[in-house]
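Dumped data.txt below, it's compact mmCIF, N, CA and C atoms:
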# COMPACT_ATOMS: atom_id res chain seq x y z
N GLN A 1 -23.88 -2.97 0.52
CA GLN A 1 -22.52 -3.31 0.14
C GLN A 1 -21.54 -2.60 1.06
N VAL A 2 -20.58 -3.34 1.55
CA VAL A 2 -19.55 -2.80 2.43
C VAL A 2 -18.19 -3.08 1.82
N GLN A 3 -17.37 -2.08 1.73
CA GLN A 3 -15.99 -2.28 1.29
C GLN A 3 -15.06 -2.09 2.47
N LEU A 4 -14.08 -2.98 2.57
CA LEU A 4 -13.16 -2.98 3.70
C LEU A 4 -11.74 -2.82 3.18
N VAL A 5 -10.98 -1.96 3.82
CA VAL A 5 -9.59 -1.73 3.43
C VAL A 5 -8.72 -1.82 4.67
N GLU A 6 -7.83 -2.82 4.66
CA GLU A 6 -6.91 -2.98 5.78
C GLU A 6 -5.63 -2.20 5.53
N SER A 7 -4.99 -1.82 6.61
CA SER A 7 -3.68 -1.17 6.53
C SER A 7 -2.94 -1.43 7.84
N GLY A 8 -1.65 -1.14 7.81
CA GLY A 8 -0.86 -1.24 9.03
C GLY A 8 0.05 -2.45 9.10
N GLY A 9 -0.02 -3.31 8.10
CA GLY A 9 0.86 -4.46 8.11
C GLY A 9 2.30 -4.08 7.84
N GLY A 10 3.20 -5.03 8.03
CA GLY A 10 4.61 -4.76 7.78
C GLY A 10 5.49 -5.80 8.39
N LEU A 11 6.76 -5.45 8.48
CA LEU A 11 7.78 -6.34 9.03
C LEU A 11 8.14 -5.86 10.44
N VAL A 12 8.14 -6.78 11.38
CA VAL A 12 8.45 -6.44 12.77
C VAL A 12 9.24 -7.57 13.39
N GLN A 13 10.09 -7.25 14.34
CA GLN A 13 10.85 -8.28 15.04
C GLN A 13 9.97 -8.97 16.08
N ALA A 14 10.33 -10.18 16.37
CA ALA A 14 9.61 -10.93 17.40
C ALA A 14 9.63 -10.13 18.71
N GLY A 15 8.49 -10.11 19.37
CA GLY A 15 8.35 -9.33 20.59
C GLY A 15 7.82 -7.94 20.36
N GLY A 16 7.77 -7.53 19.11
CA GLY A 16 7.31 -6.19 18.78
C GLY A 16 5.80 -6.12 18.65
N SER A 17 5.34 -4.94 18.21
CA SER A 17 3.90 -4.69 18.11
C SER A 17 3.56 -4.08 16.75
N LEU A 18 2.34 -4.32 16.35
CA LEU A 18 1.78 -3.68 15.16
C LEU A 18 0.30 -3.42 15.44
N ARG A 19 -0.23 -2.41 14.79
CA ARG A 19 -1.67 -2.16 14.88
C ARG A 19 -2.23 -2.12 13.47
N LEU A 20 -3.13 -3.03 13.22
CA LEU A 20 -3.81 -3.07 11.94
C LEU A 20 -5.10 -2.27 12.01
N SER A 21 -5.42 -1.62 10.92
CA SER A 21 -6.67 -0.87 10.83
C SER A 21 -7.51 -1.44 9.70
N CYS A 22 -8.78 -1.33 9.85
CA CYS A 22 -9.71 -1.76 8.80
C CYS A 22 -10.78 -0.67 8.69
N ALA A 23 -10.75 0.02 7.58
CA ALA A 23 -11.71 1.09 7.34
C ALA A 23 -12.83 0.57 6.46
N ALA A 24 -14.05 0.84 6.87
CA ALA A 24 -15.22 0.34 6.16
C ALA A 24 -16.00 1.47 5.53
N SER A 25 -16.52 1.19 4.35
CA SER A 25 -17.41 2.15 3.70
C SER A 25 -18.84 1.84 4.13
N GLY A 26 -19.74 2.74 3.81
CA GLY A 26 -21.14 2.46 4.10
C GLY A 26 -21.62 3.10 5.38
N ARG A 27 -22.93 3.27 5.47
CA ARG A 27 -23.53 3.97 6.59
C ARG A 27 -24.00 3.04 7.69
N THR A 28 -23.89 1.73 7.45
CA THR A 28 -24.45 0.79 8.41
C THR A 28 -23.39 0.00 9.13
N PHE A 29 -22.20 0.56 9.24
CA PHE A 29 -21.09 -0.14 9.90
C PHE A 29 -21.49 -0.59 11.29
N SER A 30 -22.25 0.21 11.99
CA SER A 30 -22.60 -0.10 13.37
C SER A 30 -23.50 -1.31 13.51
N THR A 31 -24.02 -1.82 12.40
CA THR A 31 -24.86 -3.01 12.46
C THR A 31 -24.10 -4.29 12.08
N TYR A 32 -22.80 -4.15 11.88
CA TYR A 32 -21.99 -5.30 11.47
C TYR A 32 -21.09 -5.77 12.59
N ASN A 33 -21.02 -7.09 12.74
CA ASN A 33 -19.98 -7.69 13.55
C ASN A 33 -18.69 -7.64 12.72
N MET A 34 -17.58 -7.41 13.39
CA MET A 34 -16.31 -7.30 12.68
C MET A 34 -15.35 -8.37 13.18
N GLY A 35 -14.74 -9.05 12.23
CA GLY A 35 -13.81 -10.11 12.58
C GLY A 35 -12.46 -9.93 11.92
N TRP A 36 -11.47 -10.56 12.50
CA TRP A 36 -10.13 -10.62 11.92
C TRP A 36 -9.77 -12.09 11.73
N PHE A 37 -9.23 -12.38 10.57
CA PHE A 37 -8.76 -13.71 10.22
C PHE A 37 -7.34 -13.59 9.67
N ARG A 38 -6.64 -14.70 9.59
CA ARG A 38 -5.30 -14.66 9.00
C ARG A 38 -5.04 -15.96 8.26
N GLN A 39 -4.14 -15.87 7.30
CA GLN A 39 -3.75 -17.04 6.53
C GLN A 39 -2.25 -17.04 6.34
N ALA A 40 -1.62 -18.05 6.91
CA ALA A 40 -0.18 -18.22 6.77
C ALA A 40 0.10 -19.03 5.50
N PRO A 41 1.30 -18.92 4.97
CA PRO A 41 1.63 -19.67 3.75
C PRO A 41 1.42 -21.17 3.93
N GLY A 42 0.70 -21.76 3.00
CA GLY A 42 0.48 -23.19 3.03
C GLY A 42 -0.56 -23.65 4.03
N LYS A 43 -1.23 -22.71 4.67
CA LYS A 43 -2.22 -23.07 5.68
C LYS A 43 -3.58 -22.48 5.33
N GLU A 44 -4.61 -23.01 5.94
CA GLU A 44 -5.95 -22.48 5.74
C GLU A 44 -6.12 -21.20 6.55
N ARG A 45 -7.05 -20.40 6.09
CA ARG A 45 -7.35 -19.17 6.83
C ARG A 45 -7.96 -19.54 8.17
N GLU A 46 -7.54 -18.81 9.21
CA GLU A 46 -8.02 -19.12 10.54
C GLU A 46 -8.53 -17.88 11.24
N PHE A 47 -9.39 -18.10 12.18
CA PHE A 47 -10.00 -17.03 12.99
C PHE A 47 -8.97 -16.47 13.95
N VAL A 48 -8.97 -15.14 14.07
CA VAL A 48 -8.09 -14.48 15.03
C VAL A 48 -8.91 -13.88 16.17
N GLY A 49 -9.93 -13.12 15.82
CA GLY A 49 -10.76 -12.50 16.84
C GLY A 49 -11.91 -11.76 16.20
N ALA A 50 -12.87 -11.36 17.02
CA ALA A 50 -14.04 -10.65 16.50
C ALA A 50 -14.67 -9.81 17.60
N ARG A 51 -15.36 -8.78 17.15
CA ARG A 51 -16.07 -7.91 18.08
C ARG A 51 -17.44 -7.63 17.49
N THR A 52 -18.45 -7.73 18.33
CA THR A 52 -19.80 -7.56 17.83
C THR A 52 -20.12 -6.10 17.52
N TRP A 53 -21.24 -5.92 16.84
CA TRP A 53 -21.69 -4.60 16.45
C TRP A 53 -21.83 -3.67 17.65
N SER A 54 -22.24 -4.24 18.77
CA SER A 54 -22.49 -3.45 19.97
C SER A 54 -21.25 -3.28 20.82
N GLY A 55 -20.23 -4.08 20.55
CA GLY A 55 -19.08 -4.10 21.43
C GLY A 55 -19.31 -4.92 22.68
N GLY A 56 -20.46 -5.56 22.76
CA GLY A 56 -20.78 -6.32 23.96
C GLY A 56 -20.06 -7.65 24.06
N SER A 57 -19.50 -8.09 22.98
CA SER A 57 -18.76 -9.35 23.00
C SER A 57 -17.52 -9.22 22.12
N THR A 58 -16.40 -9.64 22.68
CA THR A 58 -15.16 -9.72 21.93
C THR A 58 -14.54 -11.08 22.24
N VAL A 59 -14.20 -11.80 21.20
CA VAL A 59 -13.62 -13.14 21.38
C VAL A 59 -12.32 -13.24 20.61
N TYR A 60 -11.46 -14.13 21.06
CA TYR A 60 -10.16 -14.32 20.45
C TYR A 60 -9.83 -15.79 20.33
N ALA A 61 -9.02 -16.10 19.33
CA ALA A 61 -8.45 -17.43 19.25
C ALA A 61 -7.50 -17.63 20.41
N ASP A 62 -7.38 -18.85 20.87
CA ASP A 62 -6.49 -19.13 22.00
C ASP A 62 -5.06 -18.72 21.71
N SER A 63 -4.67 -18.83 20.46
CA SER A 63 -3.29 -18.56 20.09
C SER A 63 -2.90 -17.09 20.23
N VAL A 64 -3.89 -16.20 20.29
CA VAL A 64 -3.59 -14.77 20.37
C VAL A 64 -4.13 -14.13 21.64
N LYS A 65 -4.88 -14.89 22.40
CA LYS A 65 -5.51 -14.33 23.59
C LYS A 65 -4.45 -13.78 24.55
N GLY A 66 -4.70 -12.59 25.03
CA GLY A 66 -3.75 -11.94 25.93
C GLY A 66 -2.69 -11.13 25.22
N ARG A 67 -2.58 -11.30 23.90
CA ARG A 67 -1.58 -10.53 23.13
C ARG A 67 -2.24 -9.58 22.14
N PHE A 68 -3.37 -9.97 21.61
CA PHE A 68 -4.08 -9.16 20.60
C PHE A 68 -5.33 -8.54 21.21
N THR A 69 -5.66 -7.35 20.74
CA THR A 69 -6.85 -6.65 21.21
C THR A 69 -7.59 -6.03 20.04
N ILE A 70 -8.88 -6.25 19.99
CA ILE A 70 -9.72 -5.66 18.96
C ILE A 70 -10.50 -4.50 19.55
N SER A 71 -10.53 -3.42 18.82
CA SER A 71 -11.36 -2.29 19.20
C SER A 71 -12.05 -1.75 17.95
N ARG A 72 -13.08 -0.99 18.18
CA ARG A 72 -13.79 -0.41 17.04
C ARG A 72 -14.37 0.93 17.43
N ASP A 73 -14.54 1.77 16.43
CA ASP A 73 -15.17 3.07 16.62
C ASP A 73 -16.22 3.19 15.53
N ASN A 74 -17.46 3.03 15.89
CA ASN A 74 -18.53 3.05 14.89
C ASN A 74 -18.67 4.41 14.23
N ALA A 75 -18.32 5.46 14.95
CA ALA A 75 -18.41 6.80 14.37
C ALA A 75 -17.37 7.01 13.27
N LYS A 76 -16.28 6.25 13.35
CA LYS A 76 -15.20 6.36 12.35
C LYS A 76 -15.23 5.21 11.35
N ASN A 77 -16.19 4.31 11.50
CA ASN A 77 -16.28 3.16 10.59
C ASN A 77 -14.97 2.39 10.53
N THR A 78 -14.37 2.21 11.68
CA THR A 78 -13.04 1.58 11.72
C THR A 78 -12.96 0.57 12.85
N VAL A 79 -12.24 -0.51 12.56
CA VAL A 79 -11.92 -1.50 13.57
C VAL A 79 -10.41 -1.70 13.54
N TRP A 80 -9.84 -1.93 14.72
CA TRP A 80 -8.40 -2.10 14.83
C TRP A 80 -8.06 -3.45 15.45
N LEU A 81 -6.89 -3.92 15.10
CA LEU A 81 -6.34 -5.11 15.73
C LEU A 81 -4.96 -4.74 16.26
N GLN A 82 -4.87 -4.57 17.57
CA GLN A 82 -3.59 -4.28 18.22
C GLN A 82 -2.89 -5.60 18.52
N MET A 83 -1.70 -5.75 18.00
CA MET A 83 -0.97 -7.01 18.15
C MET A 83 0.32 -6.75 18.92
N ASN A 84 0.43 -7.33 20.08
CA ASN A 84 1.61 -7.17 20.92
C ASN A 84 2.31 -8.51 21.09
N SER A 85 3.55 -8.45 21.54
CA SER A 85 4.34 -9.66 21.79
C SER A 85 4.29 -10.61 20.59
N LEU A 86 4.53 -10.06 19.44
CA LEU A 86 4.39 -10.85 18.22
C LEU A 86 5.43 -11.96 18.15
N LYS A 87 4.98 -13.06 17.55
CA LYS A 87 5.82 -14.24 17.40
C LYS A 87 5.96 -14.55 15.91
N ALA A 88 6.96 -15.33 15.58
CA ALA A 88 7.18 -15.70 14.19
C ALA A 88 5.94 -16.39 13.61
N GLU A 89 5.28 -17.16 14.44
CA GLU A 89 4.10 -17.89 13.98
C GLU A 89 2.88 -17.01 13.74
N ASP A 90 3.00 -15.72 14.05
CA ASP A 90 1.93 -14.78 13.71
C ASP A 90 2.05 -14.27 12.28
N THR A 91 3.12 -14.63 11.62
CA THR A 91 3.32 -14.22 10.23
C THR A 91 2.20 -14.76 9.36
N ALA A 92 1.53 -13.86 8.65
CA ALA A 92 0.39 -14.25 7.83
C ALA A 92 -0.14 -13.02 7.12
N VAL A 93 -1.06 -13.27 6.20
CA VAL A 93 -1.87 -12.20 5.65
C VAL A 93 -3.11 -12.08 6.55
N TYR A 94 -3.36 -10.87 7.01
CA TYR A 94 -4.47 -10.63 7.92
C TYR A 94 -5.62 -9.97 7.16
N TYR A 95 -6.81 -10.50 7.40
CA TYR A 95 -8.01 -10.02 6.73
C TYR A 95 -9.02 -9.54 7.77
N CYS A 96 -9.67 -8.44 7.49
CA CYS A 96 -10.83 -8.08 8.29
C CYS A 96 -12.08 -8.47 7.51
N ALA A 97 -13.12 -8.70 8.25
CA ALA A 97 -14.38 -9.15 7.65
C ALA A 97 -15.55 -8.53 8.40
N ALA A 98 -16.62 -8.31 7.66
CA ALA A 98 -17.83 -7.72 8.23
C ALA A 98 -19.00 -8.67 8.02
N GLY A 99 -19.74 -8.89 9.08
CA GLY A 99 -20.92 -9.75 8.99
C GLY A 99 -22.12 -9.05 9.57
N GLN A 100 -23.19 -9.00 8.80
CA GLN A 100 -24.41 -8.37 9.29
C GLN A 100 -24.87 -9.06 10.57
N ALA A 101 -25.08 -8.26 11.60
CA ALA A 101 -25.54 -8.83 12.85
C ALA A 101 -26.89 -9.48 12.67
N ARG A 102 -27.05 -10.68 13.22
CA ARG A 102 -28.30 -11.42 13.09
C ARG A 102 -29.08 -11.45 14.40
N SER A 103 -28.56 -10.73 15.39
CA SER A 103 -29.25 -10.66 16.68
C SER A 103 -29.18 -9.24 17.19
N ALA A 104 -30.29 -8.80 17.78
CA ALA A 104 -30.32 -7.47 18.39
C ALA A 104 -29.85 -7.50 19.82
N ASP A 105 -29.52 -8.69 20.30
CA ASP A 105 -29.02 -8.83 21.67
C ASP A 105 -27.62 -8.23 21.75
N VAL A 106 -27.48 -7.21 22.56
CA VAL A 106 -26.18 -6.52 22.63
C VAL A 106 -25.09 -7.41 23.21
N PHE A 107 -25.49 -8.50 23.84
CA PHE A 107 -24.50 -9.40 24.41
C PHE A 107 -24.38 -10.72 23.66
N SER A 108 -24.90 -10.75 22.46
CA SER A 108 -24.73 -11.96 21.65
C SER A 108 -23.25 -12.16 21.37
N LEU A 109 -22.85 -13.42 21.27
CA LEU A 109 -21.44 -13.73 21.11
C LEU A 109 -20.96 -13.35 19.72
N ALA A 110 -19.74 -12.89 19.65
CA ALA A 110 -19.15 -12.56 18.36
C ALA A 110 -18.91 -13.85 17.58
N PRO A 111 -19.22 -13.85 16.30
CA PRO A 111 -19.09 -15.08 15.50
C PRO A 111 -17.64 -15.39 15.14
N ARG A 112 -17.34 -16.70 15.07
CA ARG A 112 -15.99 -17.16 14.76
C ARG A 112 -15.88 -17.79 13.37
N ARG A 113 -16.99 -18.10 12.75
CA ARG A 113 -16.95 -18.83 11.49
C ARG A 113 -16.87 -17.88 10.30
N GLU A 114 -16.12 -18.29 9.30
CA GLU A 114 -16.03 -17.48 8.09
C GLU A 114 -17.40 -17.27 7.46
N GLY A 115 -18.24 -18.28 7.54
CA GLY A 115 -19.56 -18.19 6.93
C GLY A 115 -20.47 -17.15 7.56
N ASP A 116 -20.09 -16.63 8.71
CA ASP A 116 -20.89 -15.60 9.38
C ASP A 116 -20.53 -14.20 8.90
N TYR A 117 -19.58 -14.13 7.98
CA TYR A 117 -19.13 -12.84 7.49
C TYR A 117 -19.44 -12.69 6.01
N ASP A 118 -19.90 -11.51 5.66
CA ASP A 118 -20.41 -11.26 4.32
C ASP A 118 -19.42 -10.53 3.42
N TYR A 119 -18.55 -9.75 4.02
CA TYR A 119 -17.63 -8.92 3.24
C TYR A 119 -16.22 -9.08 3.79
N TRP A 120 -15.26 -9.02 2.89
CA TRP A 120 -13.86 -9.24 3.25
C TRP A 120 -12.97 -8.16 2.64
N GLY A 121 -11.93 -7.82 3.38
CA GLY A 121 -10.93 -6.93 2.84
C GLY A 121 -9.93 -7.69 1.98
N GLN A 122 -8.98 -6.96 1.42
CA GLN A 122 -8.01 -7.56 0.52
C GLN A 122 -6.84 -8.18 1.26
N GLY A 123 -6.71 -7.87 2.53
CA GLY A 123 -5.65 -8.44 3.33
C GLY A 123 -4.43 -7.56 3.42
N THR A 124 -3.70 -7.70 4.52
CA THR A 124 -2.46 -6.98 4.71
C THR A 124 -1.43 -7.95 5.31
N GLN A 125 -0.22 -7.89 4.79
CA GLN A 125 0.81 -8.83 5.18
C GLN A 125 1.47 -8.41 6.49
N VAL A 126 1.58 -9.35 7.39
CA VAL A 126 2.33 -9.16 8.64
C VAL A 126 3.44 -10.21 8.66
N THR A 127 4.66 -9.74 8.79
CA THR A 127 5.80 -10.64 8.85
C THR A 127 6.57 -10.38 10.13
N VAL A 128 6.74 -11.43 10.91
CA VAL A 128 7.46 -11.32 12.18
C VAL A 128 8.76 -12.09 12.05
N SER A 129 9.86 -11.38 12.21
CA SER A 129 11.17 -12.02 12.08
C SER A 129 11.64 -12.49 13.46
N SER A 130 12.22 -13.68 13.49
CA SER A 130 12.67 -14.23 14.76
C SER A 130 14.14 -13.96 14.99

Represent the structure from my file as structure tokens, please.
Amino acid sequence: QVQLVESGGGLVQAGGSLRLSCAASGRTFSTYNMGWFRQAPGKEREFVGARTWSGGSTVYADSVKGRFTISRDNAKNTVWLQMNSLKAEDTAVYYCAAGQARSADVFSLAPRREGDYDYWGQGTQVTVSS
């Protein structure tokens, strides 16, 4: 069982930055792929980015590529989402998710599907004012 707690959300002006944190419980954090998803009002939850257990693969949605960066520290059981050059359309509730790695290949691609993740945080609100 893994529990995830996000923090760092808030209100920011367009063009600004925020860094979200996701702290995980449990001793096996290093065996989980970590993903970030978001859900805007009236829309379905969508993939933002993910980083594999090994750090060998990090992928991003096209809409955030070049602006968002995912990092993780397995010793601290934490993953971060650095968000720069924020836009009004980035406004959403952001969720982190953990998925048990299904491959020992350190270069396996980070998963993008919700179904590849087993545990979810409660979400943190990010609001970007234009």

Can you tell me which residues surround stretch 106-112 of chain A at a distance of at most 6 Å, considering only C-alpha atoms, apart from same-chain residues fewer than 5 positions away, and format the answer as a tab-separated table (two decimals) with N, CA and C atoms, in the frame of the given file?
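Dumped to out-v4.tsv:
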chain	number	residue	atom	x	y	z
A	50	ALA	N	-12.87	-11.36	17.02
A	50	ALA	CA	-14.04	-10.65	16.50
A	50	ALA	C	-14.67	-9.81	17.60
A	51	ARG	N	-15.36	-8.78	17.15
A	51	ARG	CA	-16.07	-7.91	18.08
A	51	ARG	C	-17.44	-7.63	17.49
A	52	THR	N	-18.45	-7.73	18.33
A	52	THR	CA	-19.80	-7.56	17.83
A	52	THR	C	-20.12	-6.10	17.52
A	54	SER	N	-22.24	-4.24	18.77
A	54	SER	CA	-22.49	-3.45	19.97
A	54	SER	C	-21.25	-3.28	20.82
A	56	GLY	N	-20.46	-5.56	22.76
A	56	GLY	CA	-20.78	-6.32	23.96
A	56	GLY	C	-20.06	-7.65	24.06
A	57	SER	N	-19.50	-8.09	22.98
A	57	SER	CA	-18.76	-9.35	23.00
A	57	SER	C	-17.52	-9.22	22.12

Could you name the residues that touch stretch 113-116 of chain A at 6 Å or less, counting all atoms listed in the file, but leaving out those on the same chain fewer than 6 positions away, as a PyMOL selection string? chain A and resi 98-100

Considering only strand (DSSP E) as DSSP defines it on the backbone, what residues of chain A qualify? List them as a compact mmCIF listing (two decimals) with N, CA and C atoms, in the coordinates of the input.
# COMPACT_ATOMS: atom_id res chain seq x y z
N LEU A 4 -14.08 -2.98 2.57
CA LEU A 4 -13.16 -2.98 3.70
C LEU A 4 -11.74 -2.82 3.18
N VAL A 5 -10.98 -1.96 3.82
CA VAL A 5 -9.59 -1.73 3.43
C VAL A 5 -8.72 -1.82 4.67
N GLU A 6 -7.83 -2.82 4.66
CA GLU A 6 -6.91 -2.98 5.78
C GLU A 6 -5.63 -2.20 5.53
N SER A 7 -4.99 -1.82 6.61
CA SER A 7 -3.68 -1.17 6.53
C SER A 7 -2.94 -1.43 7.84
N GLY A 10 3.20 -5.03 8.03
CA GLY A 10 4.61 -4.76 7.78
C GLY A 10 5.49 -5.80 8.39
N LEU A 11 6.76 -5.45 8.48
CA LEU A 11 7.78 -6.34 9.03
C LEU A 11 8.14 -5.86 10.44
N VAL A 12 8.14 -6.78 11.38
CA VAL A 12 8.45 -6.44 12.77
C VAL A 12 9.24 -7.57 13.39
N GLN A 13 10.09 -7.25 14.34
CA GLN A 13 10.85 -8.28 15.04
C GLN A 13 9.97 -8.97 16.08
N LEU A 18 2.34 -4.32 16.35
CA LEU A 18 1.78 -3.68 15.16
C LEU A 18 0.30 -3.42 15.44
N ARG A 19 -0.23 -2.41 14.79
CA ARG A 19 -1.67 -2.16 14.88
C ARG A 19 -2.23 -2.12 13.47
N LEU A 20 -3.13 -3.03 13.22
CA LEU A 20 -3.81 -3.07 11.94
C LEU A 20 -5.10 -2.27 12.01
N SER A 21 -5.42 -1.62 10.92
CA SER A 21 -6.67 -0.87 10.83
C SER A 21 -7.51 -1.44 9.70
N CYS A 22 -8.78 -1.33 9.85
CA CYS A 22 -9.71 -1.76 8.80
C CYS A 22 -10.78 -0.67 8.69
N ALA A 23 -10.75 0.02 7.58
CA ALA A 23 -11.71 1.09 7.34
C ALA A 23 -12.83 0.57 6.46
N ALA A 24 -14.05 0.84 6.87
CA ALA A 24 -15.22 0.34 6.16
C ALA A 24 -16.00 1.47 5.53
N TYR A 32 -22.80 -4.15 11.88
CA TYR A 32 -21.99 -5.30 11.47
C TYR A 32 -21.09 -5.77 12.59
N ASN A 33 -21.02 -7.09 12.74
CA ASN A 33 -19.98 -7.69 13.55
C ASN A 33 -18.69 -7.64 12.72
N MET A 34 -17.58 -7.41 13.39
CA MET A 34 -16.31 -7.30 12.68
C MET A 34 -15.35 -8.37 13.18
N GLY A 35 -14.74 -9.05 12.23
CA GLY A 35 -13.81 -10.11 12.58
C GLY A 35 -12.46 -9.93 11.92
N TRP A 36 -11.47 -10.56 12.50
CA TRP A 36 -10.13 -10.62 11.92
C TRP A 36 -9.77 -12.09 11.73
N PHE A 37 -9.23 -12.38 10.57
CA PHE A 37 -8.76 -13.71 10.22
C PHE A 37 -7.34 -13.59 9.67
N ARG A 38 -6.64 -14.70 9.59
CA ARG A 38 -5.30 -14.66 9.00
C ARG A 38 -5.04 -15.96 8.26
N GLN A 39 -4.14 -15.87 7.30
CA GLN A 39 -3.75 -17.04 6.53
C GLN A 39 -2.25 -17.04 6.34
N GLU A 46 -7.54 -18.81 9.21
CA GLU A 46 -8.02 -19.12 10.54
C GLU A 46 -8.53 -17.88 11.24
N PHE A 47 -9.39 -18.10 12.18
CA PHE A 47 -10.00 -17.03 12.99
C PHE A 47 -8.97 -16.47 13.95
N VAL A 48 -8.97 -15.14 14.07
CA VAL A 48 -8.09 -14.48 15.03
C VAL A 48 -8.91 -13.88 16.17
N GLY A 49 -9.93 -13.12 15.82
CA GLY A 49 -10.76 -12.50 16.84
C GLY A 49 -11.91 -11.76 16.20
N ALA A 50 -12.87 -11.36 17.02
CA ALA A 50 -14.04 -10.65 16.50
C ALA A 50 -14.67 -9.81 17.60
N ARG A 51 -15.36 -8.78 17.15
CA ARG A 51 -16.07 -7.91 18.08
C ARG A 51 -17.44 -7.63 17.49
N THR A 58 -16.40 -9.64 22.68
CA THR A 58 -15.16 -9.72 21.93
C THR A 58 -14.54 -11.08 22.24
N VAL A 59 -14.20 -11.80 21.20
CA VAL A 59 -13.62 -13.14 21.38
C VAL A 59 -12.32 -13.24 20.61
N TYR A 60 -11.46 -14.13 21.06
CA TYR A 60 -10.16 -14.32 20.45
C TYR A 60 -9.83 -15.79 20.33
N PHE A 68 -3.37 -9.97 21.61
CA PHE A 68 -4.08 -9.16 20.60
C PHE A 68 -5.33 -8.54 21.21
N THR A 69 -5.66 -7.35 20.74
CA THR A 69 -6.85 -6.65 21.21
C THR A 69 -7.59 -6.03 20.04
N ILE A 70 -8.88 -6.25 19.99
CA ILE A 70 -9.72 -5.66 18.96
C ILE A 70 -10.50 -4.50 19.55
N SER A 71 -10.53 -3.42 18.82
CA SER A 71 -11.36 -2.29 19.20
C SER A 71 -12.05 -1.75 17.95
N ARG A 72 -13.08 -0.99 18.18
CA ARG A 72 -13.79 -0.41 17.04
C ARG A 72 -14.37 0.93 17.43
N ASP A 73 -14.54 1.77 16.43
CA ASP A 73 -15.17 3.07 16.62
C ASP A 73 -16.22 3.19 15.53
N THR A 78 -14.37 2.21 11.68
CA THR A 78 -13.04 1.58 11.72
C THR A 78 -12.96 0.57 12.85
N VAL A 79 -12.24 -0.51 12.56
CA VAL A 79 -11.92 -1.50 13.57
C VAL A 79 -10.41 -1.70 13.54
N TRP A 80 -9.84 -1.93 14.72
CA TRP A 80 -8.40 -2.10 14.83
C TRP A 80 -8.06 -3.45 15.45
N LEU A 81 -6.89 -3.92 15.10
CA LEU A 81 -6.34 -5.11 15.73
C LEU A 81 -4.96 -4.74 16.26
N GLN A 82 -4.87 -4.57 17.57
CA GLN A 82 -3.59 -4.28 18.22
C GLN A 82 -2.89 -5.60 18.52
N MET A 83 -1.70 -5.75 18.00
CA MET A 83 -0.97 -7.01 18.15
C MET A 83 0.32 -6.75 18.92
N ALA A 92 1.53 -13.86 8.65
CA ALA A 92 0.39 -14.25 7.83
C ALA A 92 -0.14 -13.02 7.12
N VAL A 93 -1.06 -13.27 6.20
CA VAL A 93 -1.87 -12.20 5.65
C VAL A 93 -3.11 -12.08 6.55
N TYR A 94 -3.36 -10.87 7.01
CA TYR A 94 -4.47 -10.63 7.92
C TYR A 94 -5.62 -9.97 7.16
N TYR A 95 -6.81 -10.50 7.40
CA TYR A 95 -8.01 -10.02 6.73
C TYR A 95 -9.02 -9.54 7.77
N CYS A 96 -9.67 -8.44 7.49
CA CYS A 96 -10.83 -8.08 8.29
C CYS A 96 -12.08 -8.47 7.51
N ALA A 97 -13.12 -8.70 8.25
CA ALA A 97 -14.38 -9.15 7.65
C ALA A 97 -15.55 -8.53 8.40
N ALA A 98 -16.62 -8.31 7.66
CA ALA A 98 -17.83 -7.72 8.23
C ALA A 98 -19.00 -8.67 8.02
N GLY A 99 -19.74 -8.89 9.08
CA GLY A 99 -20.92 -9.75 8.99
C GLY A 99 -22.12 -9.05 9.57
N GLN A 100 -23.19 -9.00 8.80
CA GLN A 100 -24.41 -8.37 9.29
C GLN A 100 -24.87 -9.06 10.57
N TYR A 119 -18.55 -9.75 4.02
CA TYR A 119 -17.63 -8.92 3.24
C TYR A 119 -16.22 -9.08 3.79
N TRP A 120 -15.26 -9.02 2.89
CA TRP A 120 -13.86 -9.24 3.25
C TRP A 120 -12.97 -8.16 2.64
N THR A 124 -3.70 -7.70 4.52
CA THR A 124 -2.46 -6.98 4.71
C THR A 124 -1.43 -7.95 5.31
N GLN A 125 -0.22 -7.89 4.79
CA GLN A 125 0.81 -8.83 5.18
C GLN A 125 1.47 -8.41 6.49
N VAL A 126 1.58 -9.35 7.39
CA VAL A 126 2.33 -9.16 8.64
C VAL A 126 3.44 -10.21 8.66
N THR A 127 4.66 -9.74 8.79
CA THR A 127 5.80 -10.64 8.85
C THR A 127 6.57 -10.38 10.13
N VAL A 128 6.74 -11.43 10.91
CA VAL A 128 7.46 -11.32 12.18
C VAL A 128 8.76 -12.09 12.05
N SER A 129 9.86 -11.38 12.21
CA SER A 129 11.17 -12.02 12.08
C SER A 129 11.64 -12.49 13.46

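Put simply, atom N of A:Thr124 is 16.2 Å away from atom CA of A:Leu86.
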
Do a neighbour search on stretch 23-31 of chain A at 6 Å with only C-alpha atoms, toss out local chain neighbours closer than 3 positions, and write the hits as a PyMOL selection string. chain A and resi 2-5+53+74+77-78+101

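When all atoms listed in the file are used to compute distances to A:Ser17, the closest of the residues A:Ser130, A:Gln82, A:Gln39, A:Asn33 turns out to be A:Gln82.
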
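Atom pair atom N of A:Met34 / atom CA of A:Ile70 has a distance of 9.8 Å (rounded to one decimal).
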
Name all residues at most 6 Å from A:Leu20 (count only C-alpha atoms; drop same-chain ones fewer than 5 positions away) and give them as a PyMOL selection string. chain A and resi 7-8+80-81

Residue nearest A:Gln1 - candidates A:Tyr32, A:Asp62, A:Arg19, A:Pro41, atoms counted: only C-alpha atoms: A:Tyr32
